[in-house]
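As structure tokens, the structure follows; a few thoughts come after it.
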Amino acid sequence: DTGVSQDPRHKITKRGQNVTFRCDPISEHNRLYWYRQTLGQGPEFLTYFQNEAQLEKSRLLSDRFSAERPKGSFSTLEIQRTEQGDSAMYLCAPGTNTGELFFGEGSRLTVL
Amino acid sequence: DQQVKQNSPSLSVQEGRISILNCDYTNSMFDYFLWYKKYPAEGPTFLISISSIKDKNEDGRFTVFLNKSAKHLSLHIVPSQPGDSAVYFCAALGWQNTPLVFGKGTRLSVIA
């Protein structure tokens, strides 16, 4: 039990469609991070929240990406007009300011 | 540009021997370093960390060494066990709450 539930676990979509991932952390960490991982790479930072405030966004996060954490608990990551390059594992992690992150199992996106 | 580099994509070690995983970093503003372990179909899990004010931190079979002047850290696992077979990610954290930066990972195989 990672303490984080991500849904869906796997999404296959056609190029140009919109997708939304949801992250439900069981723990009560104020910080929640989104990372993306592709084959052969380490996790790459996308964005993070302190409670409901989105404090930082990576330059990887184009304007097609939007993330929310409306009540400071669960979070959503939406990708509009998906491209094949968006295919990756999207990882959610509540965490601490000392870098200890509690990753979920991730949501795998495949864009055809 | 990779700020955290793990130059060995894979490592194979005999059970009972020592495993040494290496990591180099380029950003002198990093002041906290972590190792994560990842099994297939799971998110990364935190393993051990070290602050830049220390040169060694030990937790059971796992020891992390930090050489600030060389911008190098290593993870030692002794004795290695088959259950240690996983991908190991080195990660670094700067001050002022910058997000965790990961290396590409090293796949460790411990052979019985």
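By convention in this document, the chains of the structure tokens carry letters A, B, ... by their order, each chain's residues are numbered from 1, and ligands are numbered from 1 in the order they are shown.
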
Can you list every residue of chain B that has an atom at most 10 Å from chain A, with its nearest atom pair and the distance in Å to one decimal, using only C-alpha atoms, ordered by chain then number, as JSON lines?
```
{"residue": "B:Val4", "atom": "CA", "partner": "A:Gly42", "partner_atom": "CA", "distance": 9.9}
{"residue": "B:Gln6", "atom": "CA", "partner": "A:Gly42", "partner_atom": "CA", "distance": 10.0}
{"residue": "B:Pro9", "atom": "CA", "partner": "A:Gly40", "partner_atom": "CA", "distance": 8.6}
{"residue": "B:Tyr32", "atom": "CA", "partner": "A:Thr98", "partner_atom": "CA", "distance": 7.5}
{"residue": "B:Phe33", "atom": "CA", "partner": "A:Gly99", "partner_atom": "CA", "distance": 8.2}
{"residue": "B:Leu34", "atom": "CA", "partner": "A:Gly99", "partner_atom": "CA", "distance": 7.4}
{"residue": "B:Trp35", "atom": "CA", "partner": "A:Glu100", "partner_atom": "CA", "distance": 9.7}
{"residue": "B:Tyr36", "atom": "CA", "partner": "A:Glu100", "partner_atom": "CA", "distance": 9.3}
{"residue": "B:Pro40", "atom": "CA", "partner": "A:Glu105", "partner_atom": "CA", "distance": 9.7}
{"residue": "B:Ala41", "atom": "CA", "partner": "A:Glu105", "partner_atom": "CA", "distance": 6.8}
{"residue": "B:Glu42", "atom": "CA", "partner": "A:Glu105", "partner_atom": "CA", "distance": 4.7}
{"residue": "B:Gly43", "atom": "CA", "partner": "A:Glu105", "partner_atom": "CA", "distance": 4.5}
{"residue": "B:Pro44", "atom": "CA", "partner": "A:Phe103", "partner_atom": "CA", "distance": 6.0}
{"residue": "B:Thr45", "atom": "CA", "partner": "A:Phe102", "partner_atom": "CA", "distance": 6.6}
{"residue": "B:Phe46", "atom": "CA", "partner": "A:Glu100", "partner_atom": "CA", "distance": 6.4}
{"residue": "B:Leu47", "atom": "CA", "partner": "A:Glu100", "partner_atom": "CA", "distance": 9.2}
{"residue": "B:Ile48", "atom": "CA", "partner": "A:Glu100", "partner_atom": "CA", "distance": 9.3}
{"residue": "B:Ser49", "atom": "CA", "partner": "A:Glu100", "partner_atom": "CA", "distance": 8.7}
{"residue": "B:Ser51", "atom": "CA", "partner": "A:Thr98", "partner_atom": "CA", "distance": 9.6}
{"residue": "B:Val87", "atom": "CA", "partner": "A:Gly42", "partner_atom": "CA", "distance": 9.8}
{"residue": "B:Tyr88", "atom": "CA", "partner": "A:Gly42", "partner_atom": "CA", "distance": 9.5}
{"residue": "B:Phe89", "atom": "CA", "partner": "A:Gly42", "partner_atom": "CA", "distance": 6.9}
{"residue": "B:Cys90", "atom": "CA", "partner": "A:Gly42", "partner_atom": "CA", "distance": 8.9}
{"residue": "B:Ala91", "atom": "CA", "partner": "A:Gly99", "partner_atom": "CA", "distance": 8.5}
{"residue": "B:Ala92", "atom": "CA", "partner": "A:Gly99", "partner_atom": "CA", "distance": 8.0}
{"residue": "B:Leu93", "atom": "CA", "partner": "A:Gly99", "partner_atom": "CA", "distance": 6.5}
{"residue": "B:Gly94", "atom": "CA", "partner": "A:Thr98", "partner_atom": "CA", "distance": 9.5}
{"residue": "B:Trp95", "atom": "CA", "partner": "A:Thr98", "partner_atom": "CA", "distance": 9.5}
{"residue": "B:Gln96", "atom": "CA", "partner": "A:Asn97", "partner_atom": "CA", "distance": 9.5}
{"residue": "B:Asn97", "atom": "CA", "partner": "A:Asn97", "partner_atom": "CA", "distance": 6.4}
{"residue": "B:Thr98", "atom": "CA", "partner": "A:Glu56", "partner_atom": "CA", "distance": 8.8}
{"residue": "B:Pro99", "atom": "CA", "partner": "A:Phe45", "partner_atom": "CA", "distance": 7.0}
{"residue": "B:Leu100", "atom": "CA", "partner": "A:Gly99", "partner_atom": "CA", "distance": 6.0}
{"residue": "B:Val101", "atom": "CA", "partner": "A:Glu44", "partner_atom": "CA", "distance": 7.2}
{"residue": "B:Phe102", "atom": "CA", "partner": "A:Gly42", "partner_atom": "CA", "distance": 5.6}
{"residue": "B:Gly103", "atom": "CA", "partner": "A:Gly42", "partner_atom": "CA", "distance": 5.4}
{"residue": "B:Lys104", "atom": "CA", "partner": "A:Gly42", "partner_atom": "CA", "distance": 4.2}
{"residue": "B:Gly105", "atom": "CA", "partner": "A:Gly42", "partner_atom": "CA", "distance": 6.0}
{"residue": "B:Thr106", "atom": "CA", "partner": "A:Gly40", "partner_atom": "CA", "distance": 9.5}
```

Contacts of Leu108 of chain B within 7 Å, only C-alpha atoms, excl. fewer than 6 positions in-chain, as a PyMOL selection string: chain B and resi 10-12+85-87

For segment 78-83 of chain A: contacts at 6 Å, only C-alpha atoms, fewer than 3 positions along chain excluded, given as a list in words: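 My reading of the contact set: Arg15, Gly16, Gln17, Asn18, Val19, Thr20, Arg64, Phe65, Ser66 and Asp86 of chain A.
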
For the selection you just gave me, I'd like the residues written to a file as a PDB file, in the first residue's frame, keeping N, CA and C atoms.
```pdb
ATOM      1  N   ARG A  15      -4.472  10.360 -30.596  1.00  0.00           N
ATOM      2  CA  ARG A  15      -3.891  11.691 -30.675  1.00  0.00           C
ATOM      3  C   ARG A  15      -4.987  12.739 -30.840  1.00  0.00           C
ATOM      4  N   GLY A  16      -4.888  13.815 -30.079  1.00  0.00           N
ATOM      5  CA  GLY A  16      -5.858  14.895 -30.173  1.00  0.00           C
ATOM      6  C   GLY A  16      -6.955  14.859 -29.131  1.00  0.00           C
ATOM      7  N   GLN A  17      -7.073  13.709 -28.450  1.00  0.00           N
ATOM      8  CA  GLN A  17      -8.080  13.588 -27.393  1.00  0.00           C
ATOM      9  C   GLN A  17      -7.558  14.185 -26.090  1.00  0.00           C
ATOM     10  N   ASN A  18      -8.505  14.498 -25.200  1.00  0.00           N
ATOM     11  CA  ASN A  18      -8.144  14.990 -23.865  1.00  0.00           C
ATOM     12  C   ASN A  18      -8.170  13.829 -22.870  1.00  0.00           C
ATOM     13  N   VAL A  19      -7.275  13.865 -21.912  1.00  0.00           N
ATOM     14  CA  VAL A  19      -7.274  12.854 -20.852  1.00  0.00           C
ATOM     15  C   VAL A  19      -7.109  13.548 -19.503  1.00  0.00           C
ATOM     16  N   THR A  20      -7.655  12.900 -18.478  1.00  0.00           N
ATOM     17  CA  THR A  20      -7.523  13.426 -17.116  1.00  0.00           C
ATOM     18  C   THR A  20      -7.128  12.303 -16.179  1.00  0.00           C
ATOM     19  N   ARG A  64      -0.926  22.873 -22.805  1.00  0.00           N
ATOM     20  CA  ARG A  64      -1.922  21.804 -22.960  1.00  0.00           C
ATOM     21  C   ARG A  64      -2.149  21.062 -21.641  1.00  0.00           C
ATOM     22  N   PHE A  65      -1.262  21.280 -20.702  1.00  0.00           N
ATOM     23  CA  PHE A  65      -1.338  20.597 -19.412  1.00  0.00           C
ATOM     24  C   PHE A  65      -1.920  21.535 -18.369  1.00  0.00           C
ATOM     25  N   SER A  66      -2.814  21.000 -17.536  1.00  0.00           N
ATOM     26  CA  SER A  66      -3.291  21.779 -16.399  1.00  0.00           C
ATOM     27  C   SER A  66      -3.491  20.858 -15.212  1.00  0.00           C
ATOM     28  N   ASP A  86       3.387  12.646 -25.491  1.00  0.00           N
ATOM     29  CA  ASP A  86       2.865  12.676 -24.125  1.00  0.00           C
ATOM     30  C   ASP A  86       2.823  11.276 -23.516  1.00  0.00           C
TER      31      ASP A  86
END
```
